[in-house]
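Note: the block below is final.txt and it holds compact mmCIF, C-alpha atoms and all ligand atoms.
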# COMPACT_ATOMS: atom_id res chain seq x y z
CA MET A 89 13.51 42.92 78.33
CA GLY A 90 12.79 46.34 79.77
CA GLU A 91 11.02 46.51 83.09
CA VAL A 92 7.59 48.05 83.37
CA ASP A 93 7.20 51.24 85.33
CA SER A 94 4.41 50.28 87.73
CA GLY A 95 3.30 53.91 88.10
CA ARG A 96 2.55 54.21 84.41
CA ALA A 97 1.25 50.66 84.15
CA ARG A 98 -2.04 51.22 85.95
CA GLY A 99 -5.22 50.28 84.14
CA PRO A 100 -6.66 52.88 81.81
CA GLU A 101 -9.29 53.78 84.36
CA GLY A 102 -6.58 54.79 86.84
CA ALA A 103 -5.91 53.31 90.26
CA ASP A 104 -8.76 52.68 92.64
CA PRO A 105 -7.31 51.82 96.06
CA LEU A 106 -10.53 50.04 97.11
CA ARG A 107 -10.32 47.50 94.32
CA PRO A 108 -8.11 44.47 94.74
CA THR A 109 -5.16 44.01 92.43
CA GLY A 110 -2.89 41.05 91.73
CA GLU A 111 -3.72 37.67 90.30
CA GLU A 112 -7.32 37.62 91.48
CA THR A 113 -8.07 40.32 88.91
CA VAL A 114 -6.17 38.56 86.12
CA VAL A 115 -8.28 37.01 83.33
CA THR A 116 -6.48 34.32 81.32
CA ILE A 117 -7.67 33.19 77.89
CA ASP A 118 -5.82 30.17 76.51
CA GLY A 119 -6.50 27.92 73.54
CA PRO A 120 -5.23 26.76 70.15
CA ALA A 121 -4.31 29.10 67.29
CA GLY A 122 -7.28 30.70 65.56
CA ALA A 123 -9.82 30.12 68.36
CA GLY A 124 -10.37 33.88 68.60
CA LYS A 125 -8.29 34.49 71.73
CA SER A 126 -6.62 37.79 70.83
CA THR A 127 -9.62 39.61 69.42
CA THR A 128 -11.76 38.39 72.31
CA ALA A 129 -9.16 39.23 74.96
CA ARG A 130 -8.60 42.74 73.60
CA GLU A 131 -12.32 43.53 73.67
CA VAL A 132 -12.85 41.92 77.09
CA ALA A 133 -10.03 44.10 78.44
CA ARG A 134 -11.60 47.20 76.94
CA ARG A 135 -15.00 46.47 78.47
CA LEU A 136 -13.59 45.68 81.91
CA GLY A 137 -11.19 48.65 81.78
CA TYR A 138 -8.24 46.27 82.25
CA ARG A 139 -4.90 46.21 80.46
CA TYR A 140 -4.35 43.66 77.66
CA LEU A 141 -1.26 41.48 77.27
CA ASP A 142 -0.90 39.37 74.12
CA SER A 143 1.63 36.81 75.38
CA GLY A 144 2.10 35.32 71.90
CA ALA A 145 3.43 38.73 70.86
CA LEU A 146 6.24 38.33 73.42
CA TYR A 147 7.37 35.11 71.74
CA ARG A 148 6.94 36.77 68.37
CA ALA A 149 9.00 39.81 69.40
CA LEU A 150 11.86 37.58 70.54
CA THR A 151 11.65 35.59 67.30
CA HIS A 152 11.74 38.81 65.28
CA ALA A 153 14.73 40.08 67.28
CA LEU A 154 16.65 36.80 66.87
CA LEU A 155 16.04 36.84 63.11
CA ALA A 156 16.78 40.57 62.78
CA GLU A 157 20.07 40.18 64.68
CA GLY A 158 21.07 37.26 62.50
CA VAL A 159 21.31 34.64 65.27
CA PRO A 160 21.12 31.38 63.25
CA ALA A 161 18.20 29.10 64.16
CA ASP A 162 20.51 26.13 64.77
CA ARG A 163 22.10 28.11 67.65
CA TRP A 164 18.77 28.94 69.36
CA PRO A 165 18.83 25.80 71.56
CA GLU A 166 22.02 27.19 73.16
CA LEU A 167 20.55 30.61 73.99
CA ASP A 168 21.07 31.85 77.53
CA ARG A 169 19.46 34.59 79.61
CA ASP A 170 22.24 37.12 78.90
CA THR A 171 21.79 36.75 75.17
CA LEU A 172 18.03 37.22 75.58
CA ASP A 173 18.65 40.37 77.66
CA ARG A 174 20.95 41.72 74.97
CA LEU A 175 18.26 41.38 72.30
CA ALA A 176 16.81 44.55 73.86
CA VAL A 177 13.13 43.75 73.42
CA GLU A 178 11.06 46.06 75.60
CA VAL A 179 7.49 45.99 76.89
CA VAL A 180 6.15 49.52 77.13
CA PRO A 181 2.74 50.25 78.73
CA GLY A 182 0.43 52.14 76.37
CA ALA A 183 -3.22 53.17 76.65
CA GLY A 184 -4.91 49.92 77.70
CA THR A 185 -2.32 47.71 76.08
CA LEU A 186 1.33 46.74 76.26
CA MET A 187 3.49 47.67 73.29
CA LEU A 188 6.60 45.83 72.15
CA TRP A 189 9.69 47.67 71.05
CA HIS A 190 12.98 46.48 69.62
CA ARG A 191 15.99 48.78 69.34
CA GLY A 192 13.95 51.95 69.46
CA ARG A 193 11.21 50.79 67.07
CA ARG A 194 7.69 49.79 67.96
CA LEU A 195 6.95 46.31 66.57
CA THR A 196 3.64 45.95 64.74
CA ASP A 197 3.56 44.18 61.35
CA GLU A 198 7.02 42.72 62.09
CA LEU A 199 5.37 40.36 64.61
CA ARG A 200 3.28 38.58 61.98
CA THR A 201 5.56 38.13 58.98
CA ASP A 202 5.70 34.69 57.33
CA ARG A 203 9.24 34.32 58.64
CA VAL A 204 8.20 34.98 62.23
CA ASN A 205 5.15 32.70 61.81
CA ALA A 206 7.41 29.91 60.58
CA HIS A 207 9.92 30.20 63.45
CA VAL A 208 7.94 31.26 66.51
CA SER A 209 6.95 27.76 67.67
CA LEU A 210 10.64 26.81 67.72
CA VAL A 211 11.40 29.76 69.99
CA ALA A 212 8.35 29.11 72.17
CA ARG A 213 9.44 25.59 72.97
CA LEU A 214 12.85 26.60 74.37
CA PRO A 215 12.79 26.24 78.19
CA VAL A 216 15.20 29.17 78.66
CA VAL A 217 12.87 31.47 76.71
CA ARG A 218 9.80 30.39 78.67
CA GLU A 219 11.56 30.76 81.99
CA TRP A 220 12.94 34.17 81.04
CA LEU A 221 9.51 35.41 79.96
CA LEU A 222 7.80 34.00 83.04
CA GLY A 223 9.27 36.63 85.38
CA HIS A 224 8.34 39.46 83.02
CA GLN A 225 4.78 38.22 82.59
CA ARG A 226 4.28 37.75 86.35
CA ALA A 227 5.55 41.27 87.04
CA LEU A 228 2.83 42.55 84.71
CA GLY A 229 0.19 40.33 86.36
CA ALA A 230 1.17 41.51 89.84
CA LEU A 231 -0.14 44.96 88.87
CA GLY A 232 -3.58 43.35 88.51
CA ARG A 233 -6.50 44.12 86.18
CA LEU A 234 -4.97 42.30 83.25
CA VAL A 235 -6.56 40.27 80.47
CA THR A 236 -4.02 38.05 78.79
CA ASP A 237 -4.17 35.37 76.14
CA GLY A 238 -1.79 32.58 75.19
CA ARG A 239 -1.23 28.87 75.67
CA ASP A 240 -0.11 28.52 79.31
CA MET A 241 -1.42 31.65 80.98
CA GLY A 242 -3.89 29.81 83.23
CA THR A 243 -1.72 26.72 83.80
CA VAL A 244 1.81 28.05 84.33
CA VAL A 245 2.04 31.83 84.29
CA PHE A 246 -0.98 32.76 86.44
CA PRO A 247 -2.12 29.59 88.23
CA SER A 248 -4.12 31.71 90.73
CA ALA A 249 -5.84 33.93 88.15
CA GLY A 250 -9.39 34.81 89.24
CA THR A 251 -10.89 33.99 85.82
CA LYS A 252 -9.60 31.33 83.44
CA VAL A 253 -11.07 30.58 80.06
CA PHE A 254 -10.03 28.03 77.43
CA LEU A 255 -11.37 28.83 73.97
CA VAL A 256 -11.74 26.08 71.39
CA ALA A 257 -13.27 25.88 67.90
CA ASP A 258 -13.37 23.33 65.06
CA LEU A 259 -10.21 23.26 62.95
CA GLU A 260 -12.01 24.26 59.75
CA GLU A 261 -13.68 27.20 61.44
CA ARG A 262 -10.36 28.34 62.90
CA ALA A 263 -8.74 28.11 59.46
CA ARG A 264 -11.58 30.15 57.96
CA ARG A 265 -11.12 32.85 60.60
CA ARG A 266 -7.36 32.97 60.01
CA LEU A 267 -7.90 33.47 56.27
CA THR A 268 -10.49 36.18 56.88
CA GLU A 269 -8.04 37.97 59.18
CA GLN A 270 -5.53 37.88 56.32
CA GLY A 271 -8.02 39.47 53.93
CA SER A 272 -9.18 36.33 52.08
CA ASP A 273 -12.86 35.31 51.97
CA GLY A 274 -11.97 31.73 53.00
CA ALA A 275 -14.11 30.29 50.19
CA ASP A 276 -11.34 28.52 48.26
CA ASP A 277 -11.28 24.87 49.44
CA ALA A 278 -7.60 24.27 48.68
CA GLU A 279 -6.60 27.46 50.50
CA LEU A 280 -8.78 26.45 53.44
CA ARG A 281 -7.17 22.99 53.59
CA ARG A 282 -3.67 24.52 53.54
CA ALA A 283 -4.57 26.96 56.33
CA ALA A 284 -6.09 24.10 58.38
CA SER A 285 -2.99 21.99 57.94
CA ARG A 286 -0.72 24.89 59.06
CA LEU A 287 -2.88 25.39 62.14
CA SER A 288 -2.87 21.72 63.01
CA GLU A 289 0.94 21.59 62.70
CA ARG A 290 1.17 24.55 65.11
CA ASP A 291 -1.31 22.88 67.51
CA GLU A 292 0.79 19.72 67.42
CA ILE A 293 4.04 21.55 68.26
CA ASP A 294 2.37 23.68 70.96
CA SER A 295 0.57 20.82 72.66
CA THR A 296 3.32 18.20 72.57
CA ARG A 297 6.28 20.30 73.69
CA GLU A 298 7.79 19.34 77.03
CA THR A 299 7.68 22.76 78.67
CA ALA A 300 4.28 24.35 79.31
CA PRO A 301 2.32 22.47 76.62
CA LEU A 302 -1.01 23.84 75.46
CA ARG A 303 -3.77 22.46 77.68
CA ALA A 304 -6.74 23.75 79.65
CA ALA A 305 -6.19 24.47 83.35
CA SER A 306 -8.32 22.16 85.50
CA ASP A 307 -10.24 25.20 86.78
CA ALA A 308 -10.67 26.87 83.36
CA VAL A 309 -14.10 27.31 81.79
CA VAL A 310 -13.98 25.78 78.29
CA ILE A 311 -15.92 27.77 75.69
CA ASP A 312 -16.44 26.33 72.20
CA THR A 313 -16.66 29.33 69.88
CA THR A 314 -17.37 27.40 66.64
CA THR A 315 -20.95 28.63 66.47
CA LEU A 316 -20.67 31.74 68.63
CA ASP A 317 -20.41 35.19 67.14
CA PHE A 318 -17.90 37.69 68.46
CA GLU A 319 -20.40 39.49 70.68
CA GLU A 320 -21.43 36.21 72.35
CA GLN A 321 -17.80 35.16 72.92
CA VAL A 322 -16.88 38.46 74.49
CA GLY A 323 -20.10 38.59 76.54
CA ARG A 324 -19.48 35.16 78.07
CA VAL A 325 -15.96 35.99 79.19
CA VAL A 326 -16.94 39.41 80.55
CA ASP A 327 -19.79 37.80 82.53
CA LEU A 328 -17.42 35.24 84.02
CA ALA A 329 -14.90 37.91 84.98
CA ARG A 330 -17.57 40.11 86.55
CA LYS A 331 -19.01 37.19 88.54
CA ARG A 332 -15.61 36.20 89.86
CA ARG A 333 -14.34 39.69 90.52
CA PRO A 334 -13.95 39.91 94.29
CA SER A 335 -16.46 42.29 95.88
CA ARG A 336 -15.05 45.70 96.70
O1 LIG B 401 -0.89 33.18 69.74
P1 LIG B 401 0.26 33.36 68.74
O2 LIG B 401 0.01 32.73 67.42
O3 LIG B 401 0.67 34.79 68.62
O4 LIG B 401 1.48 32.57 69.42
C1 LIG B 401 2.74 32.52 68.81
C2 LIG B 401 3.50 31.28 69.27
O5 LIG B 401 3.86 31.41 70.64
C3 LIG B 401 2.77 29.96 69.13
O6 LIG B 401 3.66 29.00 68.62
C4 LIG B 401 2.40 29.58 70.53
C5 LIG B 401 3.43 30.29 71.37
N1 LIG B 401 2.89 30.76 72.64
C6 LIG B 401 3.17 30.00 73.74
O7 LIG B 401 3.82 28.98 73.63
N2 LIG B 401 2.74 30.40 74.96
C7 LIG B 401 2.00 31.50 75.09
N3 LIG B 401 1.58 31.88 76.29
C8 LIG B 401 1.67 32.27 73.95
C9 LIG B 401 2.13 31.87 72.72
As structure tokens, how would this structure be written, given the file I've shared?
Amino acid sequence: MGEVDSGRARGPEGADPLRPTGEETVVTIDGPAGAGKSTTAREVARRLGYRYLDSGALYRALTHALLAEGVPADRWPELDRDTLDRLAVEVVPGAGTLMLWHRGRRLTDELRTDRVNAHVSLVARLPVVREWLLGHQRALGALGRLVTDGRDMGTVVFPSAGTKVFLVADLEERARRRLTEQGSDGADDAELRRAASRLSERDEIDSTRETAPLRAASDAVVIDTTTLDFEEQVGRVVDLARKRRPSR
């Protein structure tokens, strides 16, 4: 994975030498699929003027690259660091966010195809993949002023993050949100049940894997978003981050 140029990777508001950087200004948002992490994290980052890292997109980019390069899934357990390096997935700092590129192409829709959705949990549970991504994620966090969402951001990747949040929501509500994201109105019961069962399978794989399972950090603030609207979710996290931000 390409290294980040720290000069270009400053927050969108530019560097302020009086403000602390590093993990104390990192905001982690973990939780199960469909709890609203990504949309919340992106907006929290915008309001704080921090950069946003979608860590799930890193696992998705690797999954896309493995599939695109024709590495058969039954060989993934034998992957090593050199093979991962050769996949040539790059993280490129953009305005307020971090973009993912593969072989000269920016990855967007490729990260959320059915094929990637179906394989990403398998990739995410490989210890070599997690270890390989750890260094890259920490290098981004060391630059400070980062909002990042995932499954292990507060527990494993940034154990000293200044603000840690764990978002949860009822399974049915998460399924409804997923369908709405995909353009459906979420009103068809059978469709809703199928979406809920896919989410619960993903939760099961993510929370029972041996390496970095999904769980709340002991110092994370748990927010149940089932009955919160988007504005309330974002507001709560921004308030927490502002309260915990070290004084200048
Ligand atoms: O949040 P998402 O659906 O984009 O995540 C894709 C997959 O990656 C999902 O199986 C969970 C996994 N993941 C992880 O294990 N650790 C993270 N920090 C982020 C995502």
Practice task
Return the single residue from A:Glu260, A:Asp277, A:Glu289, A:Glu111 that is closest to Ser209 of chain A, with distances computed using all atoms listed in the file.
Solution key: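 For Ser209 of chain A, the nearest of the given residues is A:Glu289.
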Practice task
Enumerate residues in contact with ligand LIG 401 (chain B): an atom-to-atom distance of at most 9 Å, counting all atoms listed in the file. Format the result as a ChimeraX atom specification.
Solution key: /A:118-122,125-126,142-148,199-200,204-213,218,236-241,244-245,290-291,293-295,299-302
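Residues in contact with Glu219 of chain A at 10 Å, where only C-alpha atoms are counted and same-chain residues fewer than 4 positions away are skipped, are listed as A:Arg169, A:Leu214, A:Pro215, A:Gly223, A:His224, A:Val245, A:Thr299.
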Residues of segment 184-297 of chain A that have any atom at most 10 Å from an atom of segment 321-326 of chain A: could you tabulate them with the shortest-distance atom pair and the distance in Å to one decimal, using all atoms listed in the file, ordered by chain and increasing number, as a Markdown table?
| residue | atom | partner | partner_atom | distance |
| --- | --- | --- | --- | --- |
| A:Thr251 | CA | A:Val325 | CA | 8.6 |
| A:Lys252 | CA | A:Val325 | CA | 9.0 |
| A:Val253 | CA | A:Val325 | CA | 7.3 |
| A:Leu255 | CA | A:Gln321 | CA | 9.1 |
Exercise for the section: Work out how far apart atom CA of Asp276 of chain A and atom CA of Ile311 of chain A are and give it in Å to one decimal. Expected result: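 Separation between atom CA of Asp276 of chain A and atom CA of Ile311 of chain A: 27.8 Å.
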Practice task
Measure the distance from atom CA of Glu279 of chain A to atom CA of Leu267 of chain A in Å and round it to one decimal.
Solution key: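 Computing the Euclidean distance for atom CA of Glu279 of chain A and atom CA of Leu267 of chain A yields 8.4 Å.
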Exercise for the section: To one decimal in Å, tell me the separation between atom CA of Tyr138 of chain A and atom CA of Leu231 of chain A. Expected result: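 These atoms are spaced 10.5 Å apart.
For the residues A:Asp273, A:Glu131, A:Asp202, A:Glu261, ranking by smallest atom-to-atom distance to Leu316 of chain A using only C-alpha atoms places A:Glu261 first.
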Fill in the blank from the handout: Shortest contact to Gly110 of chain A, candidates A:Thr196, A:Ser248, A:Thr151, A:Thr128, atoms counted all atoms listed in the file, goes to A:Ser248
